[in-house]
file my_file.cif (mmCIF, C-alpha atoms and all ligand atoms)
data_data
loop_
_atom_site.label_atom_id
_atom_site.label_comp_id
_atom_site.auth_asym_id
_atom_site.auth_seq_id
_atom_site.Cartn_x
_atom_site.Cartn_y
_atom_site.Cartn_z
CA MET A 5 -16.48 34.38 18.20
CA ASN A 6 -19.81 32.65 18.62
CA LEU A 7 -20.79 30.35 15.73
CA ALA A 8 -24.37 31.53 15.95
CA SER A 9 -23.25 35.12 15.45
CA PRO A 10 -24.65 36.79 12.35
CA ARG A 11 -21.02 37.33 11.40
CA ILE A 12 -20.61 33.58 10.69
CA VAL A 13 -22.80 33.14 7.63
CA ASN A 14 -20.57 31.34 5.17
CA VAL A 15 -17.40 29.28 4.76
CA SER A 16 -15.24 32.41 4.36
CA ASP A 17 -16.36 33.45 7.84
CA LEU A 18 -15.32 30.04 9.23
CA ARG A 19 -11.99 30.44 7.45
CA ARG A 20 -11.47 33.82 9.11
CA MET A 21 -12.33 32.32 12.48
CA ALA A 22 -9.86 29.46 11.88
CA ARG A 23 -7.16 31.94 10.94
CA ARG A 24 -7.59 33.74 14.24
CA ARG A 25 -7.40 30.54 16.31
CA LEU A 26 -4.53 28.77 14.55
CA PRO A 27 -0.84 29.68 14.48
CA ASP A 28 0.33 30.62 10.97
CA ALA A 29 2.06 27.27 10.47
CA VAL A 30 -1.13 25.30 11.02
CA PHE A 31 -3.46 27.73 9.24
CA ASP A 32 -1.25 27.87 6.16
CA TYR A 33 -0.91 24.09 6.12
CA LEU A 34 -4.70 23.97 5.84
CA ASP A 35 -5.21 26.98 3.60
CA GLY A 36 -2.19 26.79 1.31
CA ALA A 37 -1.29 24.88 -1.82
CA ALA A 38 1.71 24.17 -4.02
CA ASP A 39 4.14 26.58 -5.73
CA ASP A 40 2.33 29.72 -6.97
CA GLU A 41 -1.06 28.28 -6.01
CA VAL A 42 -2.24 28.68 -9.60
CA THR A 43 -4.38 25.54 -9.41
CA LEU A 44 -5.80 26.57 -6.05
CA LYS A 45 -6.93 29.91 -7.49
CA ASP A 46 -8.27 28.29 -10.66
CA SER A 47 -10.29 25.85 -8.55
CA GLN A 48 -12.29 28.74 -7.26
CA SER A 49 -12.47 30.84 -10.40
CA ALA A 50 -13.65 27.85 -12.48
CA PHE A 51 -16.94 27.87 -10.56
CA ARG A 52 -17.50 31.45 -11.71
CA GLU A 53 -17.30 30.30 -15.32
CA VAL A 54 -20.25 27.97 -14.87
CA MET A 55 -23.51 29.89 -14.85
CA PHE A 56 -26.95 28.63 -13.87
CA LYS A 57 -29.94 28.31 -16.20
CA PRO A 58 -32.93 28.42 -13.83
CA ARG A 59 -36.48 27.31 -14.54
CA PHE A 60 -38.87 29.59 -12.75
CA ALA A 61 -42.52 29.18 -11.79
CA VAL A 62 -41.81 25.55 -10.92
CA ALA A 63 -43.12 24.18 -7.62
CA THR A 64 -40.34 22.79 -5.42
CA PRO A 65 -42.02 22.45 -2.02
CA SER A 66 -39.27 20.14 -0.82
CA CYS A 67 -35.94 19.22 -2.27
CA GLU A 68 -34.53 15.71 -2.07
CA LEU A 69 -30.80 15.76 -1.32
CA ALA A 70 -30.25 12.00 -0.93
CA VAL A 71 -27.76 10.19 -3.16
CA THR A 72 -26.35 6.68 -3.19
CA VAL A 73 -22.57 6.48 -3.26
CA LEU A 74 -20.76 3.13 -3.46
CA GLY A 75 -23.94 1.40 -2.35
CA GLU A 76 -24.39 3.66 0.69
CA LYS A 77 -27.49 5.82 0.87
CA LEU A 78 -26.43 9.31 1.97
CA ALA A 79 -28.82 12.02 3.13
CA LEU A 80 -26.57 14.71 1.65
CA PRO A 81 -24.86 14.95 -1.73
CA PHE A 82 -21.50 15.69 -0.10
CA LEU A 83 -19.03 13.56 1.83
CA LEU A 84 -16.29 14.79 4.13
CA ALA A 85 -12.90 14.41 2.42
CA PRO A 86 -9.75 12.99 4.00
CA ILE A 87 -7.76 15.78 5.66
CA GLY A 88 -4.36 14.77 7.00
CA TYR A 89 -3.25 16.20 10.36
CA SER A 90 -6.83 17.09 11.32
CA ARG A 91 -5.85 16.48 14.93
CA LEU A 92 -3.26 19.24 14.66
CA MET A 93 -6.01 21.69 13.73
CA HIS A 94 -8.21 20.56 16.58
CA PRO A 95 -7.67 17.80 19.16
CA ARG A 96 -11.00 16.23 18.21
CA GLY A 97 -10.05 16.33 14.51
CA GLU A 98 -11.02 13.11 12.76
CA LEU A 99 -13.31 12.00 15.60
CA ALA A 100 -15.33 15.19 15.31
CA ALA A 101 -15.51 14.93 11.52
CA SER A 102 -16.67 11.31 11.47
CA MET A 103 -19.27 12.00 14.14
CA ALA A 104 -20.60 15.07 12.34
CA ALA A 105 -20.81 13.15 9.07
CA GLY A 106 -22.71 10.32 10.75
CA ARG A 107 -25.07 12.66 12.59
CA ASN A 108 -25.95 14.31 9.32
CA GLY A 109 -26.41 11.09 7.37
CA THR A 110 -23.31 11.31 5.22
CA ALA A 111 -19.96 9.55 4.91
CA TYR A 112 -16.51 10.39 6.23
CA ILE A 113 -13.26 9.44 4.51
CA LEU A 114 -10.46 8.95 7.02
CA SER A 115 -6.95 9.95 5.89
CA THR A 116 -3.98 7.65 6.31
CA MET A 117 -2.42 10.75 7.95
CA SER A 118 -4.97 10.69 10.73
CA GLY A 119 -4.02 11.55 14.30
CA HIS A 120 -6.75 9.28 15.66
CA ARG A 121 -6.88 5.51 15.38
CA ILE A 122 -8.84 3.81 12.60
CA GLU A 123 -10.90 1.90 15.17
CA ASP A 124 -11.73 4.92 17.34
CA VAL A 125 -12.90 6.98 14.37
CA LYS A 126 -15.18 4.20 13.20
CA ALA A 127 -16.53 3.57 16.70
CA GLN A 128 -17.59 7.22 17.03
CA SER A 129 -19.45 7.44 13.74
CA THR A 130 -23.01 6.41 13.01
CA GLY A 131 -22.54 6.86 9.27
CA PRO A 132 -20.52 5.03 6.62
CA THR A 133 -16.79 5.48 6.90
CA PHE A 134 -14.30 5.00 4.07
CA TYR A 135 -10.52 4.72 4.39
CA GLN A 136 -8.07 6.77 2.29
CA LEU A 137 -4.87 4.92 1.52
CA TYR A 138 -1.33 6.15 0.99
CA LEU A 139 1.45 3.62 0.88
CA ALA A 140 3.54 5.81 3.23
CA GLY A 141 5.66 3.42 5.26
CA GLY A 142 5.58 0.80 2.51
CA ARG A 143 3.40 -2.18 1.77
CA GLY A 144 3.89 -3.67 5.24
CA ALA A 145 2.43 -0.59 6.92
CA ALA A 146 -0.39 -0.38 4.34
CA GLU A 147 -1.31 -4.03 4.83
CA GLY A 148 -1.72 -3.42 8.55
CA ALA A 149 -3.93 -0.39 7.97
CA ILE A 150 -6.07 -2.12 5.35
CA ALA A 151 -6.63 -5.10 7.66
CA ARG A 152 -7.57 -2.79 10.52
CA ALA A 153 -9.95 -0.77 8.33
CA LYS A 154 -11.59 -3.97 7.12
CA ALA A 155 -11.97 -5.38 10.63
CA ALA A 156 -13.37 -2.07 11.90
CA GLY A 157 -16.06 -1.98 9.20
CA TYR A 158 -14.87 0.66 6.75
CA LYS A 159 -16.89 0.29 3.57
CA ALA A 160 -14.58 1.45 0.78
CA LEU A 161 -10.94 2.21 0.11
CA PHE A 162 -9.95 5.51 -1.52
CA VAL A 163 -6.50 5.09 -3.05
CA THR A 164 -4.89 8.51 -3.57
CA ILE A 165 -2.76 8.43 -6.72
CA ASP A 166 -1.69 12.07 -7.04
CA THR A 167 1.01 12.04 -4.35
CA PRO A 168 4.16 10.36 -5.68
CA VAL A 169 5.96 13.02 -3.67
CA ALA A 170 4.63 15.76 -1.39
CA GLY A 171 3.85 18.98 -3.29
CA ASN A 172 6.06 22.04 -2.86
CA ARG A 173 4.05 23.99 -0.31
CA GLU A 174 6.10 27.09 0.17
CA ARG A 175 3.97 28.48 2.98
CA ASP A 176 4.91 25.40 5.03
CA VAL A 177 8.61 25.95 4.35
CA ARG A 178 8.45 29.62 5.38
CA ASN A 179 6.45 28.80 8.51
CA GLY A 180 8.97 26.19 9.63
CA MET A 181 6.49 23.30 9.53
CA LYS A 182 9.33 20.79 9.27
CA GLU A 183 11.27 22.33 12.13
CA LEU A 184 8.17 22.51 14.30
CA MET A 185 7.47 18.82 13.67
CA GLY A 186 11.08 17.91 14.44
CA THR A 187 12.77 17.22 17.76
CA ASN A 188 15.42 19.97 17.87
CA PRO A 189 14.03 22.70 20.20
CA PHE A 190 16.55 25.31 18.98
CA LYS A 191 15.26 25.04 15.42
CA LYS A 192 11.75 25.77 16.65
CA LEU A 193 12.66 28.96 18.53
CA LYS A 194 12.15 31.31 15.59
CA TYR A 195 8.55 30.17 15.21
CA VAL A 196 7.60 30.25 18.88
CA PRO A 197 6.34 33.89 19.10
CA ASN A 198 3.65 33.26 16.52
CA ILE A 199 2.55 30.13 18.33
CA LEU A 200 2.43 31.93 21.68
CA ALA A 201 0.21 34.52 20.05
CA HIS A 202 -2.45 31.81 19.61
CA PRO A 203 -2.94 30.62 23.21
CA SER A 204 -6.27 28.88 22.75
CA TRP A 205 -4.84 26.60 20.05
CA LEU A 206 -1.61 26.13 22.03
CA LEU A 207 -3.38 25.10 25.23
CA SER A 208 -5.52 22.56 23.41
CA PHE A 209 -2.43 21.22 21.60
CA ILE A 210 -0.55 20.80 24.89
CA ALA A 211 -3.56 19.19 26.58
CA ASP A 212 -3.75 16.77 23.63
CA GLY A 213 -0.18 15.57 24.19
CA MET A 214 1.46 17.75 21.47
CA SER A 215 2.97 16.34 18.28
CA ARG A 216 2.39 12.60 18.03
CA PRO A 217 3.25 9.89 15.54
CA PHE A 218 0.64 8.56 13.12
CA PRO A 219 -1.32 5.76 14.83
CA ASN A 220 -2.37 4.12 11.55
CA ILE A 221 1.04 3.96 9.86
CA ILE A 222 2.79 1.25 11.81
CA LEU A 223 6.22 0.50 10.37
CA PRO A 224 6.83 -3.22 10.79
CA GLY A 225 9.30 -3.75 13.62
CA ARG A 226 9.63 0.00 14.24
CA GLY A 227 6.26 1.32 15.41
CA PRO A 228 4.24 4.37 14.32
CA LEU A 229 5.65 6.77 11.73
CA ALA A 230 6.81 10.12 13.17
CA ALA A 231 5.19 13.22 11.69
CA VAL A 232 8.56 14.64 10.67
CA ASP A 233 9.28 11.57 8.50
CA VAL A 234 6.13 11.81 6.36
CA ALA A 235 7.61 13.39 3.24
CA ALA A 236 10.34 10.75 2.99
CA ALA A 237 7.86 7.96 3.72
CA LEU A 238 5.56 9.13 0.92
CA GLU A 239 8.38 9.39 -1.57
CA SER A 240 9.75 5.95 -0.85
CA ALA A 241 6.38 4.27 -1.41
CA GLN A 242 4.58 5.67 -4.45
CA VAL A 243 1.29 4.11 -5.48
CA THR A 244 1.30 2.75 -9.04
CA TRP A 245 -1.32 0.95 -11.11
CA THR A 246 0.50 -2.30 -10.47
CA ASP A 247 -0.25 -1.99 -6.75
CA LEU A 248 -3.94 -2.30 -7.46
CA SER A 249 -4.01 -6.06 -7.93
CA TRP A 250 -2.12 -6.42 -4.63
CA ILE A 251 -4.60 -4.07 -2.90
CA ARG A 252 -7.49 -5.99 -4.42
CA LYS A 253 -6.28 -9.18 -2.72
CA LEU A 254 -6.41 -7.44 0.67
CA TRP A 255 -9.66 -5.56 0.18
CA ASP A 256 -12.88 -7.03 -1.15
CA GLY A 257 -15.00 -3.88 -0.90
CA PRO A 258 -15.21 -1.00 -3.38
CA ILE A 259 -11.97 0.71 -4.45
CA VAL A 260 -11.97 4.35 -5.55
CA MET A 261 -9.04 6.08 -7.25
CA LYS A 262 -8.64 9.59 -5.86
CA GLY A 263 -6.81 12.21 -7.88
CA VAL A 264 -7.89 11.37 -11.44
CA MET A 265 -7.43 14.37 -13.74
CA THR A 266 -7.42 12.96 -17.28
CA ILE A 267 -9.70 10.85 -19.44
CA GLU A 268 -6.80 8.40 -19.89
CA ASP A 269 -6.42 7.82 -16.14
CA ALA A 270 -10.19 7.60 -15.73
CA ARG A 271 -10.33 4.87 -18.39
CA ARG A 272 -7.40 3.11 -16.79
CA ALA A 273 -9.17 3.18 -13.40
CA VAL A 274 -12.24 1.60 -15.01
CA ASP A 275 -10.10 -1.05 -16.72
CA GLU A 276 -8.46 -1.86 -13.39
CA GLY A 277 -11.91 -2.40 -11.86
CA ALA A 278 -12.26 0.75 -9.72
CA GLN A 279 -15.84 1.21 -8.54
CA GLY A 280 -15.29 4.94 -8.40
CA ILE A 281 -12.95 7.83 -9.08
CA VAL A 282 -12.51 11.23 -7.48
CA VAL A 283 -11.73 13.97 -9.98
CA SER A 284 -9.42 16.04 -7.81
CA THR A 285 -6.29 18.17 -7.78
CA HIS A 286 -5.74 17.39 -4.10
CA ALA A 287 -6.82 20.95 -3.38
CA GLY A 288 -4.02 22.30 -5.59
CA ARG A 289 -1.48 20.96 -3.09
CA GLN A 290 0.32 18.57 -5.41
CA LEU A 291 1.09 19.48 -9.04
CA ASP A 292 0.59 23.21 -9.45
CA GLY A 293 -0.47 24.32 -12.91
CA VAL A 294 -3.01 21.60 -13.58
CA ALA A 295 -6.43 22.93 -14.50
CA ALA A 296 -9.13 23.15 -11.87
CA SER A 297 -10.78 19.75 -11.44
CA LEU A 298 -14.12 21.30 -12.46
CA ARG A 299 -12.77 21.97 -15.95
CA VAL A 300 -11.91 18.32 -16.61
CA LEU A 301 -15.05 16.94 -14.98
CA PRO A 302 -17.41 17.11 -18.02
CA GLY A 303 -14.96 15.26 -20.29
CA ILE A 304 -14.28 12.55 -17.71
CA VAL A 305 -18.00 12.09 -17.05
CA GLU A 306 -18.63 11.74 -20.80
CA ALA A 307 -15.88 9.13 -21.06
CA VAL A 308 -16.55 6.94 -18.00
CA GLY A 309 -19.65 8.25 -16.20
CA ASP A 310 -21.69 5.21 -17.19
CA LYS A 311 -18.97 2.77 -16.11
CA THR A 312 -17.89 4.00 -12.70
CA GLU A 313 -19.04 6.44 -10.01
CA VAL A 314 -17.51 9.83 -10.66
CA LEU A 315 -17.03 11.90 -7.52
CA PHE A 316 -15.58 15.40 -7.50
CA ASP A 317 -13.71 17.73 -5.21
CA GLY A 318 -11.81 21.01 -5.34
CA GLY A 319 -12.75 24.56 -4.46
CA ILE A 320 -16.27 23.95 -3.17
CA ARG A 321 -17.01 26.78 -0.77
CA ARG A 322 -20.74 27.21 -1.30
CA GLY A 323 -23.68 24.90 -1.77
CA SER A 324 -24.12 26.37 -5.23
CA ASP A 325 -20.60 25.13 -6.13
CA ALA A 326 -21.64 21.60 -5.15
CA VAL A 327 -24.79 21.96 -7.27
CA LYS A 328 -22.72 23.06 -10.28
CA ALA A 329 -20.36 20.08 -10.00
CA ILE A 330 -23.28 17.66 -9.73
CA ALA A 331 -25.00 19.33 -12.69
CA LEU A 332 -21.80 18.75 -14.65
CA GLY A 333 -22.04 15.03 -13.92
CA ALA A 334 -20.51 14.30 -10.50
CA LYS A 335 -22.50 11.74 -8.55
CA ALA A 336 -21.62 13.54 -5.31
CA VAL A 337 -18.86 15.84 -4.09
CA LEU A 338 -16.26 15.82 -1.34
CA LEU A 339 -15.82 18.82 0.92
CA GLY A 340 -12.24 19.46 2.00
CA ARG A 341 -11.45 22.87 3.41
CA GLY A 342 -15.18 23.62 3.31
CA TYR A 343 -15.61 21.68 6.55
CA ALA A 344 -11.99 21.76 7.76
CA TYR A 345 -12.13 25.53 8.32
CA GLY A 346 -15.07 24.88 10.64
CA MET A 347 -13.17 22.09 12.40
CA ALA A 348 -10.13 24.32 12.89
CA ALA A 349 -12.29 27.20 14.10
CA ALA A 350 -14.40 25.34 16.64
CA GLY A 351 -14.10 21.54 16.53
CA ASP A 352 -17.40 19.62 16.50
CA ALA A 353 -19.57 22.74 16.49
CA GLY A 354 -17.59 24.25 13.63
CA ILE A 355 -18.02 21.19 11.41
CA GLU A 356 -21.72 21.08 12.26
CA ARG A 357 -22.05 24.73 11.26
CA ALA A 358 -20.21 24.12 7.98
CA ILE A 359 -22.47 21.18 7.11
CA GLU A 360 -25.54 23.23 7.92
CA ILE A 361 -24.33 26.10 5.75
CA PHE A 362 -23.86 23.71 2.80
CA ARG A 363 -27.17 21.93 3.34
CA VAL A 364 -29.20 25.13 3.49
CA ASP A 365 -27.32 26.58 0.52
CA ILE A 366 -27.93 23.50 -1.62
CA VAL A 367 -31.67 23.41 -0.88
CA ARG A 368 -32.00 27.12 -1.62
CA THR A 369 -30.02 26.80 -4.84
CA LEU A 370 -32.15 23.88 -6.04
CA LYS A 371 -35.34 25.82 -5.32
CA LEU A 372 -34.03 28.88 -7.12
CA LEU A 373 -33.12 26.65 -10.05
CA GLY A 374 -36.57 25.06 -10.17
CA CYS A 375 -35.14 21.61 -9.56
CA SER A 376 -36.69 19.42 -6.89
CA SER A 377 -33.91 16.90 -6.32
CA ILE A 378 -30.21 16.23 -6.67
CA ALA A 379 -31.13 13.24 -8.85
CA GLU A 380 -32.79 15.54 -11.39
CA LEU A 381 -29.80 17.85 -11.77
CA ASN A 382 -28.10 17.68 -15.15
CA SER A 383 -26.13 19.85 -17.52
CA SER A 384 -29.27 21.59 -18.81
CA TYR A 385 -29.23 23.62 -15.57
CA VAL A 386 -25.85 25.20 -16.31
CA THR A 387 -23.87 26.76 -19.09
CA MET A 388 -20.11 27.04 -19.34
CA ARG A 389 -18.27 30.14 -20.50
CA PRO A 390 -16.32 29.61 -23.76
CA GLY A 391 -12.93 28.04 -23.09
CA PHE A 392 -14.04 26.62 -19.75
CA ARG A 393 -13.58 22.94 -20.53
CA VAL A 394 -10.24 21.14 -20.54
CA ASP A 395 -10.21 17.69 -22.16
C1 LIG A 401 -5.03 20.31 4.83
C2 LIG A 401 -5.36 19.26 3.83
C3 LIG A 401 -4.95 17.96 4.04
C4 LIG A 401 -5.28 16.97 3.11
N1 LIG A 401 -4.91 15.67 3.35
C5 LIG A 401 -5.24 14.71 2.46
C6 LIG A 401 -4.90 13.35 2.72
O1 LIG A 401 -4.32 13.02 3.74
N2 LIG A 401 -5.23 12.44 1.77
C7 LIG A 401 -5.89 12.77 0.62
O2 LIG A 401 -6.17 11.91 -0.21
N3 LIG A 401 -6.25 14.05 0.38
C8 LIG A 401 -5.95 15.00 1.27
N4 LIG A 401 -6.33 16.30 1.03
C9 LIG A 401 -7.14 16.61 -0.15
C10 LIG A 401 -8.65 16.53 0.20
O3 LIG A 401 -9.01 15.20 0.49
C11 LIG A 401 -9.52 17.04 -0.95
O4 LIG A 401 -9.16 16.36 -2.12
C12 LIG A 401 -9.37 18.55 -1.14
O5 LIG A 401 -9.23 19.20 0.09
C13 LIG A 401 -10.56 19.13 -1.89
O6 LIG A 401 -10.35 20.48 -2.16
P1 LIG A 401 -10.96 21.66 -1.25
O7 LIG A 401 -10.14 21.72 -0.01
O8 LIG A 401 -10.80 22.86 -2.09
O9 LIG A 401 -12.39 21.30 -0.95
C14 LIG A 401 -6.01 17.30 1.94
C15 LIG A 401 -6.42 18.62 1.75
C16 LIG A 401 -6.13 19.59 2.68
C17 LIG A 401 -6.61 20.99 2.45
#
call {"tool": "encode", "arguments": {"input": "my_file.cif", "output": "structure tokens", "more": "lines below"}}
Ligand SMILES: Cc1cc2nc3c(=O)[nH]c(=O)nc-3n(C[C@H](O)[C@H](O)[C@H](O)COP(=O)(O)O)c2cc1C
result
Amino acid sequence: MNLASPRIVNVSDLRRMARRRLPDAVFDYLDGAADDEVTLKDSQSAFREVMFKPRFAVATPSCELAVTVLGEKLALPFLLAPIGYSRLMHPRGELAASMAAGRNGTAYILSTMSGHRIEDVKAQSTGPTFYQLYLAGGRGAAEGAIARAKAAGYKALFVTIDTPVAGNRERDVRNGMKELMGTNPFKKLKYVPNILAHPSWLLSFIADGMSRPFPNIILPGRGPLAAVDVAAALESAQVTWTDLSWIRKLWDGPIVMKGVMTIEDARRAVDEGAQGIVVSTHAGRQLDGVAASLRVLPGIVEAVGDKTEVLFDGGIRRGSDAVKAIALGAKAVLLGRGYAYGMAAAGDAGIERAIEIFRVDIVRTLKLLGCSSIAELNSSYVTMRPGFRVD
């Protein structure tokens, strides 16, 4: 389907397009979450419990969307979040995302689980790039990646703290994700018909050299980490608060803790000197049953909003969702699936379309609210249904 078609008007349409192009295993990896997906569902329903309070008959001839995040001036109030295995969804994956972010004046956060090299992603982008760190592969592997990110010119390090072990993503188990990543061809057989039914994805996957190891997780003395070994690598190298002083010695730029969900952790991040935090449930893919990140955002902003930059992600599918999160105190938001569906549907053009959808939506929402800039947004523009907040 053509991206300019009137049938592609919002992120749900991009999601539908991605579903058609991808085999089930890849689509569900992108779309799914942990256990019963309670947190995933709550992430979307929470936005429906925040209602706008517009001011009409206010002139808003233009709306200023610029924000400054970690010292970087961004033309848009959203950044593109780290999405592991982007290259599996589309061969251009991380390259396409960093280029689209740069073209549109915003930042891209590259996942440790990238299929493209740190240096190549940076070289393609004209915007600020940040690096997301897991300790998968241990401190030796992380040291190598941090040094490469620093040398390449990445501006900030996002340390993801919500992944002491990979979440229980049952869709991945049922779809044979592990078997498909593995080397035993007989174990893959059961899943082959579904893959053959998605020839356009399959041809691009073959042309891209098929399943490859992670080029930014280099195990000392052993080479790049194989995709099939990721879960074990994550588990054997959990990030803890005590790692921060070690990371600080390797990285002199801003450090952001990604995956903060309580006031206690937010305060701890501030005490440890984090320049920012991302209030995030990791898209509901880690601990299922935590509240939507939107519900904890107001309390965290009250507690630490004047001490560190509070970013937000989780469930943003419309520009109006981004506006609500910023009204509740986020400095800016991260888009995860919101752009990744576009990437999976159509590579560069799909991400561009997703960004355009969000930009237009945000401007329209601000105008309808009677608010002429992102900077002016505050909690007086929204009201929360009783019982919304979780502290
Ligand atoms: C397919 C997928 C892969 C992800 N990979 C990573 C990752 O490698 N590192 C990380 O910190 N977060 C990762 N995340 C979480 C995102 O960075 C972000 O927090 C989340 O997607 C936001 O929620 P949303 O998808 O509802 O917008 C991933 C999310 C998805 C959906």
call {"tool": "atom_distance", "arguments": {"input": "my_file.cif", "atom1": "CA of Gly186 (chain A)", "atom2": "atom C6 of ligand LIG 401 (chain A)"}}
result
20.3 Å
call {"tool": "closest_atom_pairs", "arguments": {"input": "my_file.cif", "of": "chain A", "to": "ligand LIG 401 (chain A)", "cutoff": "6 Å", "atoms": "only C-alpha atoms and all ligand atoms", "output": "CSV"}}
result
residue,atom,partner,partner_atom,distance
A:Tyr33,CA,A:LIG401,C1,5.7
A:Leu34,CA,A:LIG401,C1,3.8
A:Ala85,CA,A:LIG401,O3,4.4
A:Pro86,CA,A:LIG401,O3,4.2
A:Ile87,CA,A:LIG401,N1,3.7
A:Gly88,CA,A:LIG401,O1,3.7
A:Ser115,CA,A:LIG401,O1,4.6
A:Thr116,CA,A:LIG401,O1,6.0
A:Met117,CA,A:LIG401,O1,5.1
A:Thr164,CA,A:LIG401,O2,4.9
A:Ser284,CA,A:LIG401,O4,5.7
A:His286,CA,A:LIG401,O4,4.1
A:Ala287,CA,A:LIG401,O6,3.8
A:Asp317,CA,A:LIG401,C13,4.8
A:Gly318,CA,A:LIG401,O6,3.5
A:Gly319,CA,A:LIG401,O8,3.5
A:Ile320,CA,A:LIG401,O9,5.2
A:Leu339,CA,A:LIG401,O9,4.6
A:Gly340,CA,A:LIG401,O9,3.5
A:Arg341,CA,A:LIG401,O7,3.8
A:Gly342,CA,A:LIG401,O9,5.6
call {"tool": "atom_distance", "arguments": {"input": "my_file.cif", "atom1": "CA of Leu74 (chain A)", "atom2": "CA of Ala278 (chain A)"}}
result
10.8 Å
call {"tool": "closest_residue", "arguments": {"input": "my_file.cif", "among": "A:Ala170, A:Leu161, A:Val54, A:Val15", "to": "Thr387 (chain A)", "atoms": "only C-alpha atoms"}}
result
A:Val54
call {"tool": "closest_residue", "arguments": {"input": "my_file.cif", "among": "A:His120, A:Arg322, A:Asp395, A:Ile355", "to": "Ser16 (chain A)", "atoms": "all atoms listed in the file"}}
result
A:Arg322
call {"tool": "closest_residue", "arguments": {"input": "my_file.cif", "among": "A:Val394, A:Gln242, A:Ala100, A:Ala307", "to": "Arg272 (chain A)", "atoms": "only C-alpha atoms"}}
result
A:Ala307
call {"tool": "residues_around", "arguments": {"input": "my_file.cif", "residues": "Leu69 (chain A)", "least_positions_apart": "3", "cutoff": "10 Å", "atoms": "all atoms listed in the file", "output": "list of chain:residue names"}}
result
A:Ser66, A:Leu78, A:Ala79, A:Leu80, A:Pro81, A:Phe82, A:Arg363, A:Ile366, A:Val367, A:Leu370, A:Ser376, A:Ser377, A:Ile378, A:Ala379
call {"tool": "closest_residue", "arguments": {"input": "my_file.cif", "among": "A:Val163, A:Asp365, A:Pro189, A:Thr110", "to": "Ala146 (chain A)", "atoms": "all atoms listed in the file"}}
result
A:Val163
call {"tool": "atom_distance", "arguments": {"input": "my_file.cif", "atom1": "CA of Asp176 (chain A)", "atom2": "CA of Leu44 (chain A)"}}
result
15.5 Å
call {"tool": "closest_residue", "arguments": {"input": "my_file.cif", "among": "A:Pro58, A:Met388, A:Glu380, A:Ser249", "to": "Ala70 (chain A)", "atoms": "all atoms listed in the file"}}
result
A:Glu380
call {"tool": "residues_around", "arguments": {"input": "my_file.cif", "residues": "Met265 (chain A)", "least_positions_apart": "6", "cutoff": "7 Å", "atoms": "only C-alpha atoms", "output": "PyMOL selection string"}}
result
chain A and resi 283-284+297+300
call {"tool": "closest_residue", "arguments": {"input": "my_file.cif", "among": "A:Thr285, A:Lys159, A:Asp166, A:Phe190", "to": "Trp245 (chain A)", "atoms": "all atoms listed in the file"}}
result
A:Asp166
call {"tool": "residues_around", "arguments": {"input": "my_file.cif", "residues": "Asp212 (chain A)", "least_positions_apart": "3", "cutoff": "9 Å", "atoms": "all atoms listed in the file", "output": "ChimeraX atom specification"}}
result
/A:91,95,207-209,215
call {"tool": "residues_near_point", "arguments": {"input": "my_file.cif", "point": "(-9.7, 11.1, -5.1)", "cutoff": "7 Å", "atoms": "all atoms listed in the file", "output": "CSV table (one decimal) with C-alpha atoms, in the coordinates of the input"}}
result
chain,number,residue,atom,x,y,z
A,162,PHE,CA,-10.0,5.5,-1.5
A,164,THR,CA,-4.9,8.5,-3.6
A,261,MET,CA,-9.0,6.1,-7.2
A,262,LYS,CA,-8.6,9.6,-5.9
A,263,GLY,CA,-6.8,12.2,-7.9
A,264,VAL,CA,-7.9,11.4,-11.4
A,281,ILE,CA,-13.0,7.8,-9.1
A,282,VAL,CA,-12.5,11.2,-7.5
A,283,VAL,CA,-11.7,14.0,-10.0
A,284,SER,CA,-9.4,16.0,-7.8
call {"tool": "axis_aligned_box", "arguments": {"input": "my_file.cif", "around": "region 40-44 of chain A", "padding_each_side": "5 Å", "output": "JSON"}}
result
{"center_x": -1.7, "center_y": 27.6, "center_z": -7.8, "size_x": 18.1, "size_y": 14.2, "size_z": 13.6}
call {"tool": "residues_around", "arguments": {"input": "my_file.cif", "residues": "Asp292 (chain A)", "least_positions_apart": "3", "cutoff": "9 Å", "atoms": "only C-alpha atoms", "output": "JSON, numbers by chain"}}
result
{"A": [37, 38, 39, 40, 41, 42, 43, 44, 171, 172, 285, 288, 289, 295]}
call {"tool": "residues_near_point", "arguments": {"input": "my_file.cif", "point": "(-20.4, 24.5, -9.1)", "cutoff": "12 Å", "atoms": "all atoms listed in the file", "output": "NGL selection string"}}
result
:A and (47-56 or 296-299 or 301-302 or 316-334 or 336-337 or 366 or 369 or 381-383 or 385-388)
call {"tool": "decode", "arguments": {"input": "my_file.cif", "residues": "region 200-213 of chain A", "atoms": "C-alpha atoms", "output": "compact mmCIF listing (two decimals), in the first residue's frame"}}
result
# COMPACT_ATOMS: atom_id res chain seq x y z
CA LEU A 200 7.14 -17.73 3.17
CA ALA A 201 3.77 -16.04 3.24
CA HIS A 202 5.58 -12.69 3.63
CA PRO A 203 7.84 -12.67 0.55
CA SER A 204 8.63 -8.97 0.48
CA TRP A 205 10.04 -9.08 4.02
CA LEU A 206 11.79 -12.40 3.30
CA LEU A 207 13.52 -11.14 0.16
CA SER A 208 14.78 -8.03 1.91
CA PHE A 209 15.97 -10.15 4.86
CA ILE A 210 17.89 -12.50 2.55
CA ALA A 211 19.37 -9.60 0.58
CA ASP A 212 20.51 -8.10 3.91
CA GLY A 213 22.50 -11.22 4.80
